[in-house]
Structures are given as structure tokens and as C-alpha cells.
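Shown next: coords-v8.csv, containing CSV, C-alpha atoms.
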```
chain,number,residue,atom,x,y,z
A,1,MET,CA,-6.8,-25.9,-8.9
A,2,ALA,CA,-10.1,-24.1,-8.6
A,3,VAL,CA,-12.5,-23.6,-11.4
A,4,ALA,CA,-12.5,-20.2,-12.9
A,5,ASP,CA,-15.6,-18.8,-14.6
A,6,ASP,CA,-14.3,-15.5,-16.0
A,7,GLY,CA,-12.9,-16.6,-19.3
A,8,LEU,CA,-9.4,-16.9,-18.0
A,9,SER,CA,-9.7,-20.6,-17.1
A,10,PRO,CA,-7.6,-23.2,-18.9
A,11,GLU,CA,-10.7,-25.4,-19.1
A,12,SER,CA,-11.9,-23.3,-22.0
A,13,ARG,CA,-8.8,-24.3,-24.0
A,14,PRO,CA,-10.0,-27.1,-26.4
A,15,ASP,CA,-6.5,-27.2,-28.0
A,16,LEU,CA,-5.1,-28.6,-24.7
A,17,GLY,CA,-8.0,-31.1,-24.3
A,18,LEU,CA,-9.1,-29.1,-21.3
A,19,THR,CA,-12.9,-29.0,-21.8
A,20,ARG,CA,-15.4,-28.4,-19.0
A,21,ARG,CA,-16.6,-32.0,-19.3
A,22,SER,CA,-13.2,-33.7,-19.4
A,23,ASN,CA,-11.5,-31.4,-16.9
A,24,PRO,CA,-14.1,-30.2,-14.3
A,25,ASP,CA,-11.5,-29.0,-11.9
A,26,GLY,CA,-9.9,-26.7,-14.5
A,27,ARG,CA,-6.4,-28.2,-14.0
A,28,MET,CA,-3.5,-27.2,-16.3
A,29,PRO,CA,-0.3,-29.2,-16.9
A,30,LEU,CA,2.8,-27.9,-15.3
A,31,MET,CA,4.5,-27.1,-18.6
A,32,GLU,CA,1.5,-25.1,-19.7
A,33,HIS,CA,1.7,-23.1,-16.5
A,34,ILE,CA,5.3,-22.3,-17.2
A,35,ARG,CA,4.5,-21.3,-20.8
A,36,GLU,CA,1.7,-19.1,-19.7
A,37,LEU,CA,4.0,-17.5,-17.0
A,38,ARG,CA,6.7,-16.9,-19.7
A,39,ASN,CA,4.2,-15.3,-22.1
A,40,ARG,CA,2.9,-13.0,-19.4
A,41,VAL,CA,6.4,-12.0,-18.2
A,42,ILE,CA,7.3,-11.2,-21.8
A,43,LYS,CA,4.2,-9.0,-22.2
A,44,ILE,CA,4.9,-7.2,-19.0
A,45,ALA,CA,8.5,-6.6,-20.1
A,46,VAL,CA,7.4,-5.2,-23.4
A,47,ILE,CA,4.7,-2.9,-22.0
A,48,VAL,CA,7.1,-1.6,-19.3
A,49,THR,CA,9.7,-1.0,-21.9
A,50,ILE,CA,7.3,1.0,-24.0
A,51,GLY,CA,6.2,3.0,-20.9
A,52,SER,CA,9.9,3.6,-20.1
A,53,VAL,CA,10.5,5.0,-23.6
A,54,ILE,CA,7.6,7.4,-23.1
A,55,GLY,CA,9.1,8.3,-19.6
A,56,TRP,CA,12.4,9.1,-21.3
A,57,PHE,CA,10.8,11.7,-23.5
A,58,ILE,CA,8.7,13.3,-20.7
A,59,TYR,CA,11.6,13.1,-18.2
A,60,PRO,CA,12.0,16.9,-17.9
A,61,HIS,CA,8.4,17.3,-16.8
A,62,VAL,CA,8.6,14.4,-14.4
A,63,PHE,CA,11.8,15.7,-12.8
A,64,ARG,CA,10.2,19.2,-12.3
A,65,PHE,CA,7.4,17.5,-10.5
A,66,ILE,CA,9.7,15.5,-8.3
A,67,GLU,CA,11.9,18.5,-7.3
A,68,GLN,CA,8.9,20.8,-6.4
A,69,PRO,CA,9.0,19.9,-2.7
A,70,PHE,CA,12.7,20.9,-2.7
A,71,CYS,CA,11.9,24.1,-4.6
A,72,ARG,CA,9.4,25.1,-2.1
A,73,LEU,CA,12.1,25.5,0.5
A,74,PRO,CA,13.2,29.0,1.5
A,75,ALA,CA,15.7,30.4,-0.9
A,76,ASN,CA,18.5,30.6,1.6
A,77,MET,CA,18.2,26.9,2.4
A,78,ARG,CA,18.8,25.8,-1.2
A,79,ALA,CA,21.2,28.4,-2.5
A,80,ILE,CA,24.5,27.5,-4.0
A,81,PRO,CA,27.5,28.7,-2.0
A,82,GLY,CA,28.4,32.2,-3.0
A,83,GLN,CA,25.1,32.7,-5.0
A,84,HIS,CA,21.6,33.6,-4.1
A,85,ALA,CA,18.7,31.4,-5.2
A,86,SER,CA,15.8,33.1,-6.8
A,87,GLY,CA,12.8,33.1,-4.5
A,88,GLY,CA,10.3,31.7,-7.0
A,89,SER,CA,12.2,29.1,-9.0
A,90,CYS,CA,14.9,26.4,-8.6
A,91,GLY,CA,18.3,26.8,-10.1
A,92,ARG,CA,21.2,24.3,-10.1
A,93,GLU,CA,20.8,23.5,-6.4
A,94,LEU,CA,20.8,19.7,-6.4
A,95,TYR,CA,24.1,18.1,-7.2
A,96,VAL,CA,25.5,15.1,-9.0
A,97,THR,CA,29.0,13.8,-8.1
A,98,GLY,CA,29.8,11.6,-11.2
A,99,ILE,CA,30.0,11.9,-15.0
A,100,PHE,CA,27.3,9.2,-15.5
A,101,ASP,CA,25.1,10.2,-12.6
A,102,ALA,CA,22.8,12.4,-14.7
A,103,PHE,CA,22.4,9.7,-17.3
A,104,PHE,CA,21.6,7.0,-14.8
A,105,LEU,CA,19.2,9.4,-13.0
A,106,GLN,CA,17.2,9.9,-16.2
A,107,LEU,CA,17.2,6.2,-16.9
A,108,GLN,CA,16.0,5.4,-13.3
A,109,ILE,CA,13.2,8.0,-13.4
A,110,SER,CA,12.2,6.9,-16.9
A,111,ILE,CA,11.9,3.2,-15.8
A,112,VAL,CA,9.9,4.2,-12.7
A,113,THR,CA,7.6,6.4,-14.9
A,114,GLY,CA,7.2,3.5,-17.3
A,115,VAL,CA,6.2,1.1,-14.5
A,116,ILE,CA,3.6,3.6,-13.3
A,117,LEU,CA,2.2,4.4,-16.7
A,118,SER,CA,1.9,0.7,-17.7
A,119,SER,CA,0.6,-0.4,-14.3
A,120,PRO,CA,-3.0,-1.1,-15.5
A,121,VAL,CA,-1.7,-3.5,-18.2
A,122,TRP,CA,0.9,-5.4,-16.1
A,123,LEU,CA,-1.5,-5.6,-13.2
A,124,TYR,CA,-4.0,-7.2,-15.5
A,125,GLN,CA,-1.4,-9.7,-16.7
A,126,VAL,CA,-0.6,-10.6,-13.1
A,127,TRP,CA,-4.3,-11.0,-12.3
A,128,ALA,CA,-5.0,-13.1,-15.4
A,129,PHE,CA,-2.3,-15.5,-14.4
A,130,MET,CA,-3.6,-15.8,-10.8
A,131,ALA,CA,-7.3,-15.8,-11.4
A,132,PRO,CA,-7.8,-19.3,-12.7
A,133,GLY,CA,-6.5,-20.6,-9.3
A,134,LEU,CA,-9.0,-18.7,-7.2
A,135,TYR,CA,-12.5,-19.5,-6.3
A,136,LYS,CA,-15.2,-17.0,-7.3
A,137,ARG,CA,-15.5,-15.8,-3.7
A,138,GLU,CA,-11.7,-15.3,-3.4
A,139,ARG,CA,-11.7,-13.3,-6.7
A,140,ARG,CA,-14.5,-11.1,-5.4
A,141,TRP,CA,-12.5,-10.3,-2.2
A,142,ALA,CA,-9.4,-9.7,-4.3
A,143,TYR,CA,-11.3,-7.1,-6.3
A,144,TYR,CA,-12.4,-5.4,-3.1
A,145,PHE,CA,-8.8,-5.5,-1.7
A,146,VAL,CA,-7.2,-3.9,-4.8
A,147,GLY,CA,-10.0,-1.4,-5.2
A,148,ALA,CA,-9.4,-0.2,-1.6
A,149,ALA,CA,-5.6,-0.6,-1.5
A,150,VAL,CA,-4.7,1.5,-4.5
A,151,PRO,CA,-6.7,4.6,-3.5
A,152,LEU,CA,-5.4,4.4,0.1
A,153,PHE,CA,-1.8,4.2,-1.1
A,154,VAL,CA,-2.3,7.1,-3.5
A,155,VAL,CA,-3.8,9.2,-0.7
A,156,GLY,CA,-0.9,8.4,1.6
A,157,ALA,CA,1.7,9.2,-1.1
A,158,THR,CA,-0.1,12.5,-1.9
A,159,ILE,CA,0.1,13.6,1.8
A,160,ALA,CA,3.7,12.6,1.8
A,161,TYR,CA,4.4,14.7,-1.3
A,162,PHE,CA,3.2,17.8,0.4
A,163,ALA,CA,4.8,16.9,3.7
A,164,MET,CA,8.2,16.5,2.2
A,165,THR,CA,9.0,20.2,2.2
A,166,ARG,CA,8.3,20.5,5.9
A,167,GLY,CA,10.5,17.5,6.6
A,168,LEU,CA,13.4,18.9,4.5
A,169,GLN,CA,13.1,22.3,6.2
A,170,PHE,CA,13.3,20.6,9.6
A,171,LEU,CA,16.4,18.5,8.6
A,172,LEU,CA,18.2,21.5,7.0
A,173,ASP,CA,17.6,23.6,10.1
A,174,ARG,CA,19.8,21.2,12.0
A,175,VAL,CA,22.8,22.1,9.9
A,176,PRO,CA,25.3,24.0,12.1
A,177,HIS,CA,26.1,27.6,11.4
A,178,GLY,CA,28.8,28.0,8.8
A,179,VAL,CA,28.2,24.6,7.2
A,180,THR,CA,26.8,24.4,3.7
A,181,PRO,CA,24.8,21.2,2.8
A,182,LEU,CA,25.5,19.9,-0.7
A,183,ILE,CA,22.4,17.8,-1.4
A,184,THR,CA,22.9,15.2,-4.2
A,185,ILE,CA,20.1,14.2,-6.4
A,186,SER,CA,20.4,10.6,-5.3
A,187,THR,CA,20.1,11.6,-1.6
A,188,TYR,CA,17.1,13.7,-2.4
A,189,LEU,CA,15.4,10.9,-4.4
A,190,SER,CA,16.1,8.4,-1.6
A,191,TYR,CA,14.4,10.7,0.9
A,192,ALA,CA,11.4,11.2,-1.5
A,193,GLU,CA,11.0,7.5,-2.1
A,194,ALA,CA,11.2,6.7,1.6
A,195,MET,CA,8.5,9.3,2.4
A,196,LEU,CA,6.2,8.2,-0.4
A,197,ALA,CA,6.6,4.5,0.5
A,198,ILE,CA,6.2,4.8,4.2
A,199,PHE,CA,3.1,7.1,4.0
A,200,GLY,CA,1.5,4.8,1.3
A,201,ILE,CA,2.1,1.6,3.2
A,202,ALA,CA,1.0,3.1,6.5
A,203,PHE,CA,-2.4,4.0,4.9
A,204,GLU,CA,-2.8,0.3,4.1
A,205,LEU,CA,-2.9,-0.6,7.9
A,206,PRO,CA,-6.7,-0.2,8.3
A,207,LEU,CA,-7.2,-2.5,5.3
A,208,VAL,CA,-5.2,-5.2,7.2
A,209,PHE,CA,-7.5,-4.9,10.2
A,210,VAL,CA,-10.6,-5.2,7.9
A,211,LEU,CA,-9.2,-8.4,6.3
A,212,LEU,CA,-8.4,-9.9,9.7
A,213,ASN,CA,-11.9,-9.1,10.8
A,214,LEU,CA,-13.4,-10.7,7.7
A,215,ALA,CA,-11.2,-13.8,8.3
A,216,GLY,CA,-12.5,-14.0,11.9
A,217,VAL,CA,-9.1,-13.4,13.5
A,218,LEU,CA,-9.8,-10.0,14.9
A,219,THR,CA,-13.3,-9.5,16.3
A,220,HIS,CA,-14.7,-6.1,17.3
A,221,ALA,CA,-14.5,-7.1,20.9
A,222,ARG,CA,-10.8,-7.6,20.7
A,223,PHE,CA,-10.4,-4.5,18.6
A,224,ARG,CA,-12.2,-2.4,21.2
A,225,LYS,CA,-10.0,-4.0,23.9
A,226,TRP,CA,-6.8,-3.2,22.1
A,227,ARG,CA,-7.9,0.2,20.7
A,228,ARG,CA,-5.5,2.3,22.9
A,229,MET,CA,-2.6,0.0,22.2
A,230,ILE,CA,-3.3,0.1,18.5
A,231,ILE,CA,-3.4,4.0,18.5
A,232,PHE,CA,-0.2,4.1,20.5
A,233,LEU,CA,1.5,1.8,18.1
A,234,VAL,CA,0.3,4.0,15.1
A,235,PHE,CA,1.9,7.1,16.7
A,236,ALA,CA,5.1,5.1,17.5
A,237,PHE,CA,5.3,3.8,13.9
A,238,ALA,CA,4.9,7.4,12.6
A,239,ALA,CA,7.6,8.7,15.0
A,240,ILE,CA,10.1,6.0,14.2
A,241,PHE,CA,9.7,5.4,10.5
A,242,THR,CA,9.0,9.0,9.2
A,243,PRO,CA,12.3,10.0,7.6
A,244,SER,CA,12.0,13.5,8.9
A,245,PRO,CA,11.6,13.6,12.7
A,246,ASP,CA,9.7,16.8,12.9
A,247,PRO,CA,6.4,16.6,14.8
A,248,LEU,CA,4.3,18.0,11.9
A,249,SER,CA,5.3,15.1,9.5
A,250,MET,CA,4.6,12.6,12.3
A,251,LEU,CA,1.2,14.1,12.8
A,252,LEU,CA,0.4,14.2,9.1
A,253,LEU,CA,1.1,10.5,9.0
A,254,ALA,CA,-0.4,9.4,12.4
A,255,LEU,CA,-3.7,11.4,12.5
A,256,PRO,CA,-5.1,10.1,9.1
A,257,CYS,CA,-4.1,6.6,10.1
A,258,VAL,CA,-5.9,6.9,13.4
A,259,VAL,CA,-9.0,8.1,11.6
A,260,LEU,CA,-8.8,5.1,9.2
A,261,VAL,CA,-8.2,2.7,12.1
A,262,GLU,CA,-11.4,4.0,13.7
A,263,ALA,CA,-13.2,3.5,10.4
A,264,ALA,CA,-11.9,0.0,10.3
A,265,GLU,CA,-13.3,-0.5,13.9
A,266,VAL,CA,-16.7,0.7,12.7
A,267,PHE,CA,-16.6,-1.8,9.9
A,268,ALA,CA,-15.6,-4.6,12.3
A,269,TRP,CA,-18.6,-3.6,14.6
A,270,ALA,CA,-21.0,-3.7,11.7
A,271,HIS,CA,-19.7,-6.9,10.2
A,272,ASP,CA,-19.7,-8.7,13.6
A,273,ARG,CA,-23.2,-7.5,14.3
A,274,ARG,CA,-24.4,-8.8,11.0
A,275,LYS,CA,-22.5,-12.0,11.4
A,276,ALA,CA,-23.9,-12.6,14.9
A,277,ALA,CA,-27.4,-12.0,13.7
A,278,ARG,CA,-26.9,-14.7,11.1
A,279,LEU,CA,-24.8,-17.3,13.0
A,280,GLY,CA,-25.3,-16.4,16.7
A,281,SER,CA,-22.4,-15.8,19.0
A,282,LEU,CA,-19.1,-15.3,17.3
A,283,GLU,CA,-17.2,-17.2,20.1
A,284,PHE,CA,-19.8,-20.0,20.4
A,285,PRO,CA,-21.3,-20.5,16.9
A,286,GLY,CA,-24.8,-21.8,17.0
A,287,LEU,CA,-25.7,-20.1,20.2
A,288,THR,CA,-27.2,-16.7,20.6
A,289,ASP,CA,-25.7,-14.1,22.9
A,290,GLU,CA,-28.7,-14.6,25.3
A,291,GLU,CA,-28.0,-18.4,25.4
A,292,VAL,CA,-24.3,-17.7,26.0
A,293,ALA,CA,-25.1,-15.5,29.0
A,294,GLN,CA,-27.8,-17.9,30.2
A,295,TYR,CA,-25.3,-20.8,30.5
A,296,GLY,CA,-22.6,-18.5,31.9
A,297,LEU,CA,-20.2,-19.2,29.0
A,298,ASN,CA,-19.2,-15.5,28.9
A,299,LYS,CA,-17.9,-15.6,32.5
A,300,PRO,CA,-14.2,-16.1,33.4
A,301,LEU,CA,-13.1,-19.6,34.3
A,302,GLY,CA,-13.6,-20.5,38.0
A,303,GLU,CA,-16.8,-18.6,38.5
A,304,GLU,CA,-19.9,-20.6,39.4
A,305,THR,CA,-22.3,-21.2,36.5
A,306,ARG,CA,-25.8,-22.4,37.0
A,307,ALA,CA,-27.6,-24.3,34.3
A,308,PRO,CA,-31.2,-23.4,33.6
A,309,ARG,CA,-33.9,-25.6,35.0
```
Transcribe the structure of this file into C-alpha cells.
Amino acid sequence: MAVADDGLSPESRPDLGLTRRSNPDGRMPLMEHIRELRNRVIKIAVIVTIGSVIGWFIYPHVFRFIEQPFCRLPANMRAIPGQHASGGSCGRELYVTGIFDAFFLQLQISIVTGVILSSPVWLYQVWAFMAPGLYKRERRWAYYFVGAAVPLFVVGATIAYFAMTRGLQFLLDRVPHGVTPLITISTYLSYAEAMLAIFGIAFELPLVFVLLNLAGVLTHARFRKWRRMIIFLVFAFAAIFTPSPDPLSMLLLALPCVVLVEAAEVFAWAHDRRKAARLGSLEFPGLTDEEVAQYGLNKPLGEETRAPR
């Protein structure tokens, strides 16, 4: 296991006999790994439980926030049969079908709220367990990855939150005349979770391209060659995986992703340019681009090459 120099390394534990001089690789016995994992899992469980208790008490506010996309629907789309919904507020227009459904709904939302509220703490616990096994360079890239992944997911989920109303309106417009849709809370939550997850994950796509470029798998030349196919696949993904099939929701997902993909291409161009200036040709390390062209290495196989005199 790699040496860690951030204070989380087991080599700084004199009680285990793991000093820097006697244990230069920072290795830890298997049982100590298991104990550390157990301790961190217990800490995560405790902090998530505390967050869930807080979520239980703020549940009314959280649920009002969750139901806002539904409440923004036109009143005639969310009215109870035989009644008229008020135009500016939501009444009892989402349904439960069982005696315990309301209790389990509050419990589910409270736990999710607790996970979100306690995320800085349990994410740190996960990181503290993993960090001793990473090299310094790997930890630095992990910081960059998390620092970019979290804001991108939040931006995607925020766009999904405001696109949900449009998607609901499109789906409810498909209901035949004379048929009244009874929307259960569980169905509505499943729709909301799908929208938030799909938009959030889709916004991580450019980050994957950046990581592939940093790893040397996807160069800018290949990126430029496959640009049209990548953009097409982005629109295909948005059309297939968006829960609401209306064109507006698809565009709200696809267009920002295309912009982020283009930003990833610019990053790949800049990174490859800097890497080529330092190492020479990316395909033929040690040779400059001029030397590659001079020896004809950039020509397709079968073409005649002429060595310099």
C-alpha cells in the first residue's frame, strides 16, 4: 500500500508499531483494516441517523419543496375529481393507497434528507479510509474529480427540478378525455428521482472525457474525429433516458451536455498541446511532430515513405 503523507497514514500509529522507519511502505495488517472499516461504518451510520432525525422534524418543509414542480401544473391537471384546485396552491391532489404509506413516505424522505445533510461527514469518512492507499498524485486527481463532479451533478439536478413541471404537463396531456389520473405520491417520487438522477449523471459525461484524456486514452485528435458521433449519442441518450418524452425536456438535458462536451474538447486540446510540447508526439513519444512528418510516420500504411538523407 502506498505511503500517505496527509496524517491519515497508518505509519503514524506508534501503538501498532507502524513507524516511518520500521514501515516505510505504510502497510497495515488486515485485521487493522477491518477494524478501521468497522469504526468508519459505525461513524457513518451514527451521523446519517442524526441527520435522519433532523430530516424527520423538517419533513413538512422538505415535502413542500419536493411537490413544487407538481404544484406548478395548471389547476385543471391536478384537481381532485369533482373539485376545483386553487390556482395558486396545492391541495390534497397526490394520493396514498395504503394505511402505512404516509408513514413510510415520511421515513423515506427523512432518511434521504439525512444522507444529504450528513454528506460532508460521511464523504470525509470514506475518503479517510481510502486515502492511505493512494499516492500523492492520485489523491490530487481525486480532489479535482470530486471538486468538479459534485457541482456538475448539482447543476444537472437543478435543471431537472425546473424541467419536471414541463415533463409532467406533457405526460398528463396524453391522458384521454374523460379519464382522471390518480397520481400516487410513490409514483410522483419515482418520477422525480429518475429526473434528478438522469440529469445529474448526464452532466458527469464531460468529466469522463477529461479523465480519459488525462489517462492518454482519448486524445484530442480522436475526440475531433468522433465529435459528430459523440454529439449524436448525447441527443440519443437524452431522448431515450429522459422520463418525460417531450422535446423541451430532451433539449434541456442535451444542449447543456453538448456545451460541456465542447468544453471537454477544449480541455483535451490544451492538455494535448502542453503534453506534446513537453514530450513530443503523443503517438510517437520522444519524436516531435516535425520528425514524425519527416519520416512519414503519420501516413497510412502502404504509402511510400522516404527517409531523410
*What is the distance, in Å and to one decimal place, between CA of Ile116 (chain A) and CA of Pro69 (chain A)?*
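For CA of Ile116 (chain A) relative to CA of Pro69 (chain A), the distance reads 20.2 Å.
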At most 12 Å is the cut-off: for each residue in region 51-128 of chain A with any atom that close to an atom of region 167-171 of chain A, write down the nearest atom pair and the distance in Å rounded to one decimal, counting all atoms listed in the file, chain first then increasing number, as JSON lines.
```
{"residue": "A:Glu67", "atom": "CA", "partner": "A:Leu168", "partner_atom": "CA", "distance": 11.9}
{"residue": "A:Gln68", "atom": "CA", "partner": "A:Leu168", "partner_atom": "CA", "distance": 11.9}
{"residue": "A:Pro69", "atom": "CA", "partner": "A:Leu168", "partner_atom": "CA", "distance": 8.5}
{"residue": "A:Phe70", "atom": "CA", "partner": "A:Leu168", "partner_atom": "CA", "distance": 7.5}
{"residue": "A:Cys71", "atom": "CA", "partner": "A:Leu168", "partner_atom": "CA", "distance": 10.6}
{"residue": "A:Arg72", "atom": "CA", "partner": "A:Gln169", "partner_atom": "CA", "distance": 9.5}
{"residue": "A:Leu73", "atom": "CA", "partner": "A:Gln169", "partner_atom": "CA", "distance": 6.6}
{"residue": "A:Pro74", "atom": "CA", "partner": "A:Gln169", "partner_atom": "CA", "distance": 8.2}
{"residue": "A:Ala75", "atom": "CA", "partner": "A:Gln169", "partner_atom": "CA", "distance": 11.1}
{"residue": "A:Asn76", "atom": "CA", "partner": "A:Gln169", "partner_atom": "CA", "distance": 10.9}
{"residue": "A:Met77", "atom": "CA", "partner": "A:Gln169", "partner_atom": "CA", "distance": 7.8}
{"residue": "A:Arg78", "atom": "CA", "partner": "A:Gln169", "partner_atom": "CA", "distance": 10.0}
```
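If you measure from each of A:Val258, A:Pro60, A:Ala149, A:Tyr144 to Arg227 (chain A) using only C-alpha atoms, the closest one turns out to be A:Val258.
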_Between CA of Phe145 (chain A) and CA of Ala45 (chain A), what distance in Å does the model show, to one decimal?_
25.3 Å
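A straight line drawn from CA of Leu189 (chain A) to CA of Leu117 (chain A) is 19.2 Å long.
Shortest separation to Ala268 (chain A) among A:Phe100, A:Tyr161, A:Phe223, A:Phe232 occurs at residue A:Phe223, atoms counted being all atoms listed in the file.
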Which residues are close to Arg222 (chain A), i.e. within 12 Å by all atoms listed in the file, leaving aside same-chain residues fewer than 5 positions away? Reply as a PDB file with C-alpha atoms, keeping the file's coordinate frame.
```pdb
ATOM      1  CA  PHE A 209      -7.500  -4.900  10.200  1.00  0.00           C
ATOM      2  CA  LEU A 212      -8.400  -9.900   9.700  1.00  0.00           C
ATOM      3  CA  ASN A 213     -11.900  -9.100  10.800  1.00  0.00           C
ATOM      4  CA  GLY A 216     -12.500 -14.000  11.900  1.00  0.00           C
ATOM      5  CA  VAL A 217      -9.100 -13.400  13.500  1.00  0.00           C
ATOM      6  CA  ARG A 227      -7.900   0.200  20.700  1.00  0.00           C
ATOM      7  CA  ARG A 228      -5.500   2.300  22.900  1.00  0.00           C
ATOM      8  CA  MET A 229      -2.600   0.000  22.200  1.00  0.00           C
ATOM      9  CA  ILE A 230      -3.300   0.100  18.500  1.00  0.00           C
ATOM     10  CA  GLU A 265     -13.300  -0.500  13.900  1.00  0.00           C
ATOM     11  CA  ALA A 268     -15.600  -4.600  12.300  1.00  0.00           C
ATOM     12  CA  TRP A 269     -18.600  -3.600  14.600  1.00  0.00           C
ATOM     13  CA  ASP A 272     -19.700  -8.700  13.600  1.00  0.00           C
ATOM     14  CA  LEU A 282     -19.100 -15.300  17.300  1.00  0.00           C
ATOM     15  CA  GLU A 283     -17.200 -17.200  20.100  1.00  0.00           C
TER      16      GLU A 283
END
```
Please tabulate, as a tab-separated table, the residues of region 37-131 of chain A that come within 12 Å of region 150-156 of chain A, each with its closest pair of atoms and the distance in Å to one decimal, counting all atoms listed in the file and ordering rows by chain, then residue number upward.
```
residue	atom	partner	partner_atom	distance
A:Ile116	CA	A:Val154	CA	12.0
A:Ser119	CA	A:Val150	CA	11.3
A:Pro120	CA	A:Val150	CA	11.4
A:Leu123	CA	A:Val150	CA	11.7
```
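Considering the residues A:Ala194, A:Ala157, A:Met31, A:Ile185 and counting all atoms listed in the file, Phe104 (chain A) has its shortest atom-to-atom contact with A:Ile185.
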*Rank A:Val175, A:Ala263, A:Ala239, A:Leu105 by their smallest atom-to-atom distance to Val62 (chain A), using all atoms listed in the file, and report the top residue only.*
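Closest to Val62 (chain A), using all atoms listed in the file: A:Leu105.
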*For each of A:His61, A:Arg166, A:Arg35, A:Arg139, take the minimum atom-to-atom distance to Thr242 (chain A), counting all atoms listed in the file, then give the residue where this is smallest.*
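Ranked by minimum distance to Thr242 (chain A), first place goes to A:Arg166.
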_Which of A:Tyr191, A:Phe103, A:Trp56, A:Phe203 sits closest to Ala148 (chain A) [using only C-alpha atoms]_ =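 So, comparing all the options, the nearest one is A:Phe203.
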*Extract, using all atoms listed in the file, all DNA, RNA and protein residues at most 12 Å from Ile58 (chain A), discarding same-chain residues fewer than 4 positions from it, and format them as a ChimeraX atom specification.*
/A:51-54,62-65,106-107,109-111,113-114,117
_List the spatial neighbours of region 246-251 of chain A as a PyMOL selection string - criterion: any atom at most 12 Å away, all atoms listed in the file, same-chain residues fewer than 5 positions off excluded._
chain A and resi 159-174+195+198-199+202+234-241+256-259
